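Structure data (CSV, C-alpha atoms) from start23.csv:
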```csv
chain,number,residue,atom,x,y,z
A,204,MET,CA,90.3,110.7,120.0
A,205,THR,CA,90.8,107.3,121.8
A,206,THR,CA,93.3,104.7,120.8
A,207,MET,CA,90.6,102.5,119.6
A,208,GLN,CA,89.2,105.2,117.4
A,209,LEU,CA,92.6,105.9,116.0
A,210,THR,CA,93.2,102.2,115.3
A,211,LYS,CA,89.8,101.9,113.6
A,212,ARG,CA,90.5,105.0,111.5
A,213,LYS,CA,93.9,103.6,110.4
A,214,THR,CA,92.4,100.2,109.6
A,215,ILE,CA,89.7,101.9,107.4
A,216,GLY,CA,92.4,104.0,105.8
A,217,TYR,CA,94.4,100.8,105.0
A,218,ILE,CA,91.4,99.1,103.5
A,219,LEU,CA,90.6,102.1,101.4
A,220,PHE,CA,94.3,102.2,100.2
A,221,ASP,CA,94.1,98.5,99.3
A,222,LEU,CA,90.9,99.1,97.3
A,223,VAL,CA,92.4,102.0,95.4
A,224,ALA,CA,95.5,99.9,94.7
A,225,ILE,CA,93.4,97.0,93.4
A,226,ALA,CA,91.3,99.4,91.3
A,227,PHE,CA,94.4,100.9,89.9
A,228,ILE,CA,95.8,97.5,88.9
A,229,TYR,CA,92.4,96.6,87.4
A,230,PHE,CA,92.3,99.7,85.3
A,231,VAL,CA,96.0,99.8,84.2
A,232,PRO,CA,95.2,98.3,80.8
A,233,THR,CA,92.4,100.8,80.2
A,234,PHE,CA,94.6,103.7,81.4
A,235,SER,CA,97.4,102.5,79.1
A,236,HIS,CA,95.0,102.4,76.2
A,237,LEU,CA,93.6,105.9,76.9
A,238,LEU,CA,97.0,107.4,77.4
A,239,ASN,CA,98.6,105.5,74.6
A,240,PHE,CA,101.4,104.6,76.9
A,241,PRO,CA,102.2,101.1,78.3
A,242,LEU,CA,101.9,101.8,82.0
A,243,TYR,CA,103.3,98.4,82.9
A,244,LEU,CA,106.7,99.9,82.1
A,245,ILE,CA,106.5,102.0,85.3
A,246,GLU,CA,105.7,98.9,87.4
A,247,PRO,CA,102.3,99.8,88.9
A,248,MET,CA,102.4,96.9,91.4
A,249,ARG,CA,105.7,98.1,92.7
A,250,ILE,CA,104.3,101.6,92.9
A,251,ALA,CA,101.5,100.3,95.1
A,252,LEU,CA,104.0,98.3,97.2
A,253,VAL,CA,106.3,101.3,97.7
A,254,ILE,CA,103.3,103.5,98.7
A,255,ALA,CA,102.2,100.8,101.1
A,256,LEU,CA,105.7,100.6,102.6
A,257,VAL,CA,105.8,104.3,103.2
A,258,HIS,CA,102.2,105.2,104.1
A,259,THR,CA,100.7,102.1,105.7
A,260,ASN,CA,102.1,99.4,108.0
A,261,ARG,CA,104.2,96.2,107.4
A,262,TYR,CA,101.2,93.9,107.5
A,263,ASN,CA,99.4,95.9,104.8
A,264,ALA,CA,102.5,96.1,102.6
A,265,TYR,CA,102.6,92.3,102.6
A,266,ILE,CA,98.9,92.1,101.8
A,267,ILE,CA,99.5,94.4,98.8
A,268,ALA,CA,102.6,92.3,97.7
A,269,LEU,CA,100.6,89.0,97.9
A,270,THR,CA,97.3,90.1,96.5
A,271,LEU,CA,97.9,92.5,93.6
A,272,PRO,CA,99.5,89.9,91.2
A,273,LEU,CA,96.9,87.4,92.3
A,274,PHE,CA,94.1,89.9,91.6
A,275,SER,CA,95.5,90.8,88.2
A,276,PHE,CA,95.7,87.1,87.3
A,277,ALA,CA,92.2,86.5,88.5
A,278,VAL,CA,90.6,89.3,86.5
A,279,SER,CA,92.6,89.1,83.4
A,280,ALA,CA,94.7,85.9,83.4
A,281,HIS,CA,97.7,88.2,83.0
A,282,PRO,CA,100.4,87.6,83.9
A,283,VAL,CA,100.4,83.8,83.3
A,284,PHE,CA,100.2,81.7,86.4
A,285,LEU,CA,103.9,81.0,86.9
A,286,LYS,CA,104.9,84.6,86.1
A,287,MET,CA,102.2,85.8,88.6
A,288,LEU,CA,103.9,83.6,91.2
A,289,LEU,CA,107.3,85.1,90.3
A,290,ILE,CA,106.0,88.6,90.6
A,291,THR,CA,104.3,87.8,93.9
A,292,GLY,CA,107.6,86.3,95.2
A,293,GLU,CA,109.5,89.4,94.0
A,294,LEU,CA,107.2,91.9,95.7
A,295,VAL,CA,107.1,89.9,99.0
A,296,LEU,CA,110.9,89.6,98.9
A,297,ASN,CA,111.1,93.3,98.1
A,298,ALA,CA,109.1,94.2,101.2
A,299,TRP,CA,110.9,91.7,103.5
A,300,ILE,CA,114.4,92.8,102.4
A,301,PHE,CA,113.3,96.5,102.8
A,302,TYR,CA,112.1,95.9,106.4
A,303,LEU,CA,115.2,93.8,107.2
A,304,LEU,CA,117.7,96.4,105.9
A,305,PHE,CA,115.8,99.4,107.3
A,306,SER,CA,115.7,97.8,110.8
A,307,LYS,CA,119.5,97.5,110.6
A,308,THR,CA,120.6,100.7,108.8
A,309,LYS,CA,117.8,103.1,109.5
A,310,ASN,CA,118.5,104.4,106.0
A,311,ALA,CA,115.3,104.2,103.9
A,312,PHE,CA,116.9,105.2,100.6
A,313,VAL,CA,119.6,102.5,100.8
A,314,SER,CA,117.1,100.0,102.1
A,315,ILE,CA,114.6,100.4,99.3
A,316,LEU,CA,117.2,100.7,96.6
A,317,SER,CA,118.9,97.5,97.8
A,318,SER,CA,115.7,95.6,98.3
A,319,ILE,CA,114.5,96.5,94.8
A,320,ILE,CA,117.8,95.5,93.1
A,321,ILE,CA,118.1,92.3,95.1
A,322,SER,CA,114.4,91.2,94.5
A,323,LYS,CA,114.7,92.1,90.8
A,324,GLY,CA,117.9,90.1,90.5
A,325,LEU,CA,116.3,87.0,92.2
A,326,TYR,CA,113.2,87.5,90.0
A,327,TYR,CA,115.3,87.4,86.8
A,328,LEU,CA,117.3,84.4,88.1
A,329,ALA,CA,114.0,82.5,88.8
A,330,LYS,CA,112.5,83.6,85.5
A,331,TYR,CA,115.6,82.4,83.6
A,332,SER,CA,115.4,79.1,85.4
A,333,LEU,CA,111.7,78.6,84.4
A,334,ILE,CA,112.5,79.6,80.8
A,335,SER,CA,115.5,77.1,80.8
A,336,PHE,CA,113.3,74.3,82.0
A,337,SER,CA,110.6,75.3,79.4
A,338,LEU,CA,108.1,76.0,82.2
A,339,LEU,CA,107.7,79.6,81.0
A,340,SER,CA,107.5,80.6,77.3
A,341,ALA,CA,110.9,81.6,75.9
A,342,SER,CA,109.8,85.2,75.6
A,343,LYS,CA,112.3,87.9,76.4
A,344,LEU,CA,113.9,87.5,79.8
A,345,VAL,CA,113.9,91.2,80.3
A,346,ALA,CA,110.6,92.7,78.9
A,347,THR,CA,111.0,96.2,80.3
A,348,PRO,CA,114.2,97.9,79.2
A,349,ILE,CA,116.9,98.0,81.9
A,350,TYR,CA,117.3,101.8,81.7
A,351,ILE,CA,113.5,102.2,82.4
A,352,GLN,CA,113.9,99.8,85.4
A,353,ALA,CA,116.9,101.8,86.6
A,354,ILE,CA,115.0,105.1,86.4
A,355,THR,CA,111.9,103.7,88.2
A,356,THR,CA,114.1,102.1,90.9
A,357,LEU,CA,115.8,105.4,91.4
A,358,VAL,CA,112.6,107.4,91.5
A,359,PHE,CA,111.0,104.9,94.0
A,360,SER,CA,114.1,105.0,96.2
A,361,LEU,CA,114.3,108.8,96.2
A,362,TYR,CA,110.6,109.0,97.1
A,363,VAL,CA,111.0,106.6,100.0
A,364,GLY,CA,114.2,108.2,101.2
A,365,TYR,CA,112.6,111.7,101.0
A,366,ILE,CA,109.4,110.7,102.9
A,367,PHE,CA,111.4,109.0,105.7
A,368,TRP,CA,113.9,111.9,105.8
A,369,LYS,CA,111.0,114.3,106.1
A,370,ARG,CA,109.5,112.4,109.0
A,371,LYS,CA,112.7,112.7,111.1
```
Final structure tokens representation of the file:
Amino acid sequence: MTTMQLTKRKTIGYILFDLVAIAFIYFVPTFSHLLNFPLYLIEPMRIALVIALVHTNRYNAYIIALTLPLFSFAVSAHPVFLKMLLITGELVLNAWIFYLLFSKTKNAFVSILSSIIISKGLYYLAKYSLISFSLLSASKLVATPIYIQAITTLVFSLYVGYIFWKRK
């Protein structure tokens, strides 16, 4: 296979990945209803981002981070506009910090764990600021229980660490 054919094949794979990720986000409410389980608790957008970080390229990971919250907002008006901007910022920051740390440490587990924790911390700081300035409704600052966030963060980090370790 030529380099051009490989590049074309990868590009088609990335496009298919993006379409599946968008479809997944689109159907999360339906799946939640069918399963009688609130899937948003396991952070479906972060799942898509983590899979993109591991199985596609940097450019595609940023596309996922930028478009999934926007798509969700466009098709369902959920989350509300400002929260959609916060989630987009958090996911883009998550990807950026991951790539930055990974380039310096070469440790995927530490890089993804740190990037998730830092991006979540900044997300909550920004959300608190918006609530304080009455720009976002005074709903709960932390909607998903911290222990669930800790579990999902650890699972995502173990997955990324394992995949990168296996590639060596």
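Between atom CA of A:Leu344 and atom CA of A:Leu296 lies a distance of 19.4 Å.
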With the cut-off set at 8 Å and counting all atoms listed in the file, tabulate each residue of stretch 214-306 of chain A with an atom at most that distance from an atom of stretch 311-333 of chain A, showing the nearest atom pair and its distance in Å to one decimal, ordered by chain and increasing number, as a tab-separated table.
```
residue	atom	partner	partner_atom	distance
A:Lys286	CA	A:Lys330	CA	7.7
A:Leu289	CA	A:Tyr326	CA	6.4
A:Ile290	CA	A:Tyr326	CA	7.3
A:Gly292	CA	A:Tyr326	CA	7.7
A:Glu293	CA	A:Ser322	CA	5.2
A:Leu294	CA	A:Ser322	CA	7.3
A:Leu296	CA	A:Ser322	CA	5.8
A:Asn297	CA	A:Ser318	CA	5.1
A:Ala298	CA	A:Ser318	CA	7.3
A:Ile300	CA	A:Ser318	CA	5.1
A:Phe301	CA	A:Ser318	CA	5.2
A:Tyr302	CA	A:Ser314	CA	7.8
A:Leu304	CA	A:Ser314	CA	5.3
A:Phe305	CA	A:Ser314	CA	5.4
```
Surrounding residues of A:Asn263 excluding itself and chain neighbours under 6 positions, 12 Å, only C-alpha atoms, as a PyMOL selection string: chain A and resi 213-222+224+251-257+269-271+295+298
Two-atom distance - atom CA of A:Ser360, atom CA of A:Thr233 (Å):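 Between atom CA of A:Ser360 and atom CA of A:Thr233 the gap works out to 27.3 Å.
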Shell around stretch 273-276 of chain A at 10 Å using all atoms listed in the file, local window under 3 positions removed, as a list of chain:residue names: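 Listing them by chain and then by number gives A:Ile225, A:Ala226, A:Ile228, A:Tyr229, A:Phe230, A:Val231, A:Met248, A:Ile267, A:Ala268, A:Leu269, A:Thr270, A:Ser279, A:Ala280, A:His281, A:Pro282, A:Val283, A:Phe284, A:Lys286, A:Met287, A:Leu288, A:Ile290, A:Thr291.
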Straight-line distance linking atom CA of A:Thr347 with atom CA of A:Leu242, stated in Å to one decimal: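 Distance reported for this atom pair: 10.8 Å.
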